[in-house]
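K.L.:
Sharing work_10.csv, CSV, C-alpha atoms:
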chain,number,residue,atom,x,y,z
A,1,MET,CA,-46.8,154.8,-75.3
A,2,ILE,CA,-45.8,157.1,-78.1
A,3,ILE,CA,-44.9,156.0,-81.7
A,4,ILE,CA,-42.3,158.3,-83.2
A,5,PRO,CA,-41.5,157.7,-86.9
A,6,LEU,CA,-38.8,159.6,-88.6
A,7,ILE,CA,-39.3,158.6,-92.2
A,8,HIS,CA,-40.8,155.9,-94.6
A,9,THR,CA,-40.5,152.1,-94.7
A,10,THR,CA,-43.4,149.7,-95.3
A,11,ASN,CA,-43.2,148.8,-91.6
A,12,THR,CA,-43.2,152.5,-90.6
A,13,VAL,CA,-46.5,152.7,-92.5
A,14,LYS,CA,-47.8,149.8,-90.3
A,15,GLN,CA,-46.7,151.6,-87.1
A,16,THR,CA,-48.3,154.9,-88.0
A,17,GLU,CA,-51.5,153.2,-89.1
A,18,ALA,CA,-51.6,151.2,-85.8
A,19,SER,CA,-51.1,154.5,-83.9
A,20,ARG,CA,-54.2,155.8,-85.6
A,21,ILE,CA,-56.3,152.6,-85.0
A,22,LEU,CA,-55.2,152.3,-81.4
A,23,GLU,CA,-55.3,156.1,-80.7
A,24,ILE,CA,-51.7,156.1,-79.6
A,25,PRO,CA,-50.1,159.6,-79.8
A,26,LEU,CA,-47.9,160.0,-82.9
A,27,ILE,CA,-45.0,162.5,-82.8
A,28,VAL,CA,-43.1,163.1,-86.1
A,29,THR,CA,-39.8,164.8,-86.5
A,30,GLU,CA,-38.2,165.6,-89.9
A,31,GLN,CA,-34.5,166.1,-90.3
A,32,TYR,CA,-33.8,169.5,-92.0
A,33,PRO,CA,-37.0,169.3,-94.2
A,34,LYS,CA,-35.9,172.5,-96.2
A,35,GLY,CA,-32.9,170.6,-97.6
A,36,LEU,CA,-33.9,166.9,-97.2
A,37,GLY,CA,-37.6,167.1,-97.8
A,38,SER,CA,-40.6,166.2,-95.6
A,39,THR,CA,-42.0,162.9,-94.6
A,40,VAL,CA,-42.9,160.9,-97.7
A,41,PRO,CA,-46.6,160.9,-98.6
A,42,GLU,CA,-46.9,157.1,-98.3
A,43,VAL,CA,-46.6,157.6,-94.5
A,44,ASN,CA,-49.9,159.0,-93.4
A,45,ILE,CA,-49.1,161.3,-90.5
A,46,ALA,CA,-52.4,163.1,-90.5
A,47,ASN,CA,-53.1,161.8,-87.0
A,48,ALA,CA,-49.8,163.1,-85.6
A,49,VAL,CA,-50.1,165.3,-82.4
A,50,GLY,CA,-47.1,167.2,-83.7
A,51,VAL,CA,-44.7,167.3,-86.7
A,52,PHE,CA,-41.5,169.1,-85.9
A,53,PRO,CA,-38.6,170.1,-88.2
A,54,LYS,CA,-35.2,169.7,-86.6
A,55,THR,CA,-31.5,170.0,-87.4
A,56,LYS,CA,-30.3,168.2,-84.2
A,57,PHE,CA,-29.8,164.5,-84.9
A,58,SER,CA,-31.8,163.5,-81.8
A,59,MET,CA,-35.5,164.0,-82.0
A,60,VAL,CA,-35.5,165.0,-78.3
A,61,ILE,CA,-35.8,168.7,-79.1
A,62,PRO,CA,-37.6,171.3,-76.9
A,63,GLU,CA,-40.8,171.1,-78.9
A,64,VAL,CA,-40.9,167.3,-78.6
A,65,GLU,CA,-40.1,167.5,-74.9
A,66,GLU,CA,-42.9,169.9,-74.4
A,67,LYS,CA,-45.3,167.7,-76.3
A,68,LEU,CA,-44.2,164.7,-74.2
A,69,LYS,CA,-45.0,166.6,-71.1
A,70,THR,CA,-48.6,167.3,-72.2
A,71,LEU,CA,-49.2,163.6,-73.1
A,72,CYS,CA,-50.0,161.1,-70.4
A,73,SER,CA,-49.8,163.8,-67.8
A,74,GLY,CA,-46.1,164.0,-68.5
A,75,ASN,CA,-45.6,160.4,-67.5
A,76,VAL,CA,-44.5,158.9,-70.8
A,77,ARG,CA,-42.9,155.5,-69.9
A,78,HIS,CA,-42.6,153.8,-73.3
A,79,VAL,CA,-41.6,155.0,-76.8
A,80,ILE,CA,-41.6,153.1,-80.1
A,81,LEU,CA,-39.1,154.3,-82.6
A,82,CYS,CA,-38.8,153.8,-86.3
A,83,GLY,CA,-37.2,155.7,-89.1
A,84,ILE,CA,-33.8,156.7,-90.5
A,85,GLU,CA,-30.8,156.9,-90.1
A,86,THR,CA,-30.5,154.1,-87.5
A,87,HIS,CA,-26.9,155.0,-86.6
A,88,VAL,CA,-27.5,158.7,-86.4
A,89,CYS,CA,-31.0,160.2,-85.7
A,90,VAL,CA,-32.5,157.0,-84.2
A,91,GLN,CA,-29.4,156.3,-82.2
A,92,GLN,CA,-29.1,159.8,-80.7
A,93,THR,CA,-32.8,159.6,-79.9
A,94,VAL,CA,-32.4,156.3,-78.1
A,95,ILE,CA,-29.5,157.7,-76.0
A,96,ASP,CA,-31.5,160.8,-75.0
A,97,LEU,CA,-34.7,158.9,-74.2
A,98,LEU,CA,-32.9,156.2,-72.2
A,99,SER,CA,-31.2,158.9,-70.2
A,100,LYS,CA,-34.6,160.3,-69.3
A,101,GLY,CA,-35.7,156.9,-67.9
A,102,ILE,CA,-38.0,156.1,-70.8
A,103,GLU,CA,-38.2,152.5,-72.1
A,104,VAL,CA,-37.4,152.5,-75.8
A,105,HIS,CA,-38.6,149.9,-78.3
A,106,VAL,CA,-36.7,150.2,-81.6
A,107,VAL,CA,-38.5,148.5,-84.5
A,108,ALA,CA,-35.6,146.7,-86.3
A,109,ASP,CA,-37.5,146.2,-89.5
A,110,ALA,CA,-38.7,149.8,-89.6
A,111,VAL,CA,-35.3,151.5,-89.2
A,112,SER,CA,-32.7,151.8,-91.9
A,113,SER,CA,-29.3,153.3,-92.7
A,114,ARG,CA,-27.5,153.9,-96.0
A,115,SER,CA,-25.0,151.2,-94.9
A,116,GLN,CA,-26.2,147.8,-93.6
A,117,MET,CA,-23.1,147.7,-91.3
A,118,ASP,CA,-24.1,151.0,-89.7
A,119,ARG,CA,-27.6,149.7,-89.1
A,120,ILE,CA,-26.5,146.4,-87.6
A,121,PHE,CA,-23.9,148.0,-85.3
A,122,ALA,CA,-26.5,150.6,-84.1
A,123,LEU,CA,-29.1,147.9,-83.3
A,124,GLU,CA,-26.5,146.0,-81.3
A,125,ARG,CA,-25.5,149.2,-79.5
A,126,PHE,CA,-29.2,149.8,-78.6
A,127,ARG,CA,-29.4,146.3,-77.0
A,128,GLN,CA,-26.2,147.0,-75.0
A,129,MET,CA,-27.7,150.3,-73.8
A,130,GLY,CA,-30.9,148.6,-72.6
A,131,ALA,CA,-33.3,149.4,-75.4
A,132,ILE,CA,-35.6,146.7,-76.7
A,133,VAL,CA,-35.0,145.8,-80.3
A,134,THR,CA,-38.1,144.2,-81.7
A,135,THR,CA,-40.0,143.8,-85.0
A,136,SER,CA,-43.1,145.5,-86.4
A,137,GLU,CA,-45.3,142.5,-86.0
A,138,ALA,CA,-44.1,141.8,-82.4
A,139,VAL,CA,-44.8,145.4,-81.4
A,140,LEU,CA,-48.3,145.4,-83.0
A,141,LEU,CA,-49.3,142.2,-81.3
A,142,GLN,CA,-47.9,143.4,-78.0
A,143,LEU,CA,-50.0,146.6,-78.3
A,144,VAL,CA,-53.2,144.6,-78.6
A,145,GLY,CA,-52.1,141.8,-76.3
A,146,ASP,CA,-55.0,139.4,-77.1
A,147,LYS,CA,-57.1,138.3,-80.0
A,148,ASP,CA,-60.1,139.5,-78.0
A,149,HIS,CA,-58.9,143.1,-78.1
A,150,PRO,CA,-61.6,145.3,-79.8
A,151,LYS,CA,-59.1,146.5,-82.4
A,152,PHE,CA,-57.4,143.1,-83.0
A,153,LYS,CA,-58.9,142.5,-86.4
A,154,GLU,CA,-57.8,145.9,-87.7
A,155,ILE,CA,-54.3,145.3,-86.4
A,156,GLN,CA,-54.3,141.8,-87.9
A,157,GLY,CA,-55.1,143.4,-91.3
A,158,ILE,CA,-52.0,145.5,-91.0
A,159,ILE,CA,-49.8,142.6,-90.1
A,160,MET,CA,-51.1,140.6,-93.1
A,161,VAL,CA,-49.5,143.1,-95.5
A,162,SER,CA,-46.2,141.6,-96.5
A,163,ALA,CA,-43.1,143.9,-96.1
A,164,PRO,CA,-39.9,143.6,-98.1
A,165,GLU,CA,-37.1,141.6,-96.6
A,166,SER,CA,-35.3,143.7,-93.9
A,167,GLY,CA,-31.8,142.3,-94.7
A,168,LEU,CA,-31.2,141.5,-91.0
A,169,VAL,CA,-32.0,137.8,-90.7
A,170,ASN,CA,-28.7,136.5,-92.0
A,171,LYS,CA,-26.8,139.3,-90.0
A,172,LEU,CA,-28.1,138.4,-86.5
I'd like the structure from this file rewritten - as structure tokens, please.
P.N.:
Amino acid sequence: MIIIPLIHTTNTVKQTEASRILEIPLIVTEQYPKGLGSTVPEVNIANAVGVFPKTKFSMVIPEVEEKLKTLCSGNVRHVILCGIETHVCVQQTVIDLLSKGIEVHVVADAVSSRSQMDRIFALERFRQMGAIVTTSEAVLLQLVGDKDHPKFKEIQGIIMVSAPESGLVNKL
């Protein structure tokens, strides 16, 4: 499983921290960093196996595809996505990954758009396309699977940090 954040939210920080704790490969893309800036420093991407600038909206660029081939002997079956913009970069990435037969988990409370309407419609489209729309806490607990997991306490510590309201509850 690969966690691919695109930019900062409190819950993206949780996902990147969990990738470090659980030793899950982290791939980061940055949309036109020369003009839009790099990943914000609050998101610790020091453990990333690659940080790739891009101008294509999808993060499925040749450099990322090459990195995916080297991970898990080229047999990546699941990807967790978080970042911005939900209706642009995340959406194009979901489309591309699903077309490659990869199961995509979109962390609804770790993606955002400038417009709440764009975000909500994108999340609905992801469900219709067959992606799994989930929450940061659900993903983290799914990754450990059991309170007896050796890293459960560390993941529990991440979960206990409150995140701001996502704005989605009254929209679903």
K.L.:
Which residues are near A:Val111? Cut-off 6 Å, all atoms listed in the file, ignore same chain within fewer than 4 positions. Put them as an MDAnalysis selection string.
P.N.:
chainID A and resid 82:84 86
K.L.:
May I have the residues within 6 Å of A:Cys89 as a PyMOL selection string, using all atoms listed in the file and disregarding those fewer than 2 positions away in the same chain?
P.N.:
chain A and resi 57-58+85+91-92
K.L.:
Given the point (-43.8, 154.6, -100.1) in the coordinates of this file, which residues lie within 10 Å, counting all atoms listed in the file, and how would they look as a PyMOL selection string?
P.N.:
chain A and resi 7-10+12-13+40-43
K.L.:
Please dump the current selection as a PDB file, in the frame of the given file; keep C-alpha atoms.
P.N.:
ATOM      1  CA  ILE A   7     -39.300 158.600 -92.200  1.00  0.00           C
ATOM      2  CA  HIS A   8     -40.800 155.900 -94.600  1.00  0.00           C
ATOM      3  CA  THR A   9     -40.500 152.100 -94.700  1.00  0.00           C
ATOM      4  CA  THR A  10     -43.400 149.700 -95.300  1.00  0.00           C
ATOM      5  CA  THR A  12     -43.200 152.500 -90.600  1.00  0.00           C
ATOM      6  CA  VAL A  13     -46.500 152.700 -92.500  1.00  0.00           C
ATOM      7  CA  VAL A  40     -42.900 160.900 -97.700  1.00  0.00           C
ATOM      8  CA  PRO A  41     -46.600 160.900 -98.600  1.00  0.00           C
ATOM      9  CA  GLU A  42     -46.900 157.100 -98.300  1.00  0.00           C
ATOM     10  CA  VAL A  43     -46.600 157.600 -94.500  1.00  0.00           C
TER      11      VAL A  43
END
K.L.:
Hey, which bits of stretch 35-103 of chain A sit within 10 Å of stretch 16-25 of chain A, and for each residue what's the closest pair of atoms and how far apart in Å (one decimal), counting all atoms listed in the file, rows by chain and increasing number, as CSV?
P.N.:
residue,atom,partner,partner_atom,distance
A:Val43,CA,A:Thr16,CA,7.2
A:Asn44,CA,A:Thr16,CA,7.0
A:Ile45,CA,A:Thr16,CA,6.9
A:Ala46,CA,A:Arg20,CA,9.0
A:Asn47,CA,A:Arg20,CA,6.3
A:Ala48,CA,A:Pro25,CA,6.8
A:Val49,CA,A:Pro25,CA,6.3
A:Gly50,CA,A:Pro25,CA,9.1
A:Leu68,CA,A:Pro25,CA,9.6
A:Leu71,CA,A:Pro25,CA,7.9
A:Cys72,CA,A:Pro25,CA,9.5
A:Cys82,CA,A:Thr16,CA,9.7
K.L.:
Hey, can you spit out that residue selection with C-alpha atoms as a PDB file, in the coordinates of the input?
P.N.:
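selection_15.pdb written:
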ATOM      1  CA  VAL A  43     -46.600 157.600 -94.500  1.00  0.00           C
ATOM      2  CA  ASN A  44     -49.900 159.000 -93.400  1.00  0.00           C
ATOM      3  CA  ILE A  45     -49.100 161.300 -90.500  1.00  0.00           C
ATOM      4  CA  ALA A  46     -52.400 163.100 -90.500  1.00  0.00           C
ATOM      5  CA  ASN A  47     -53.100 161.800 -87.000  1.00  0.00           C
ATOM      6  CA  ALA A  48     -49.800 163.100 -85.600  1.00  0.00           C
ATOM      7  CA  VAL A  49     -50.100 165.300 -82.400  1.00  0.00           C
ATOM      8  CA  GLY A  50     -47.100 167.200 -83.700  1.00  0.00           C
ATOM      9  CA  LEU A  68     -44.200 164.700 -74.200  1.00  0.00           C
ATOM     10  CA  LEU A  71     -49.200 163.600 -73.100  1.00  0.00           C
ATOM     11  CA  CYS A  72     -50.000 161.100 -70.400  1.00  0.00           C
ATOM     12  CA  CYS A  82     -38.800 153.800 -86.300  1.00  0.00           C
TER      13      CYS A  82
END
K.L.:
Could you jot down the atom CA of A:Ser136 to atom CA of A:Ser99 separation for me, Å, one decimal place?
P.N.:
24.2 Å
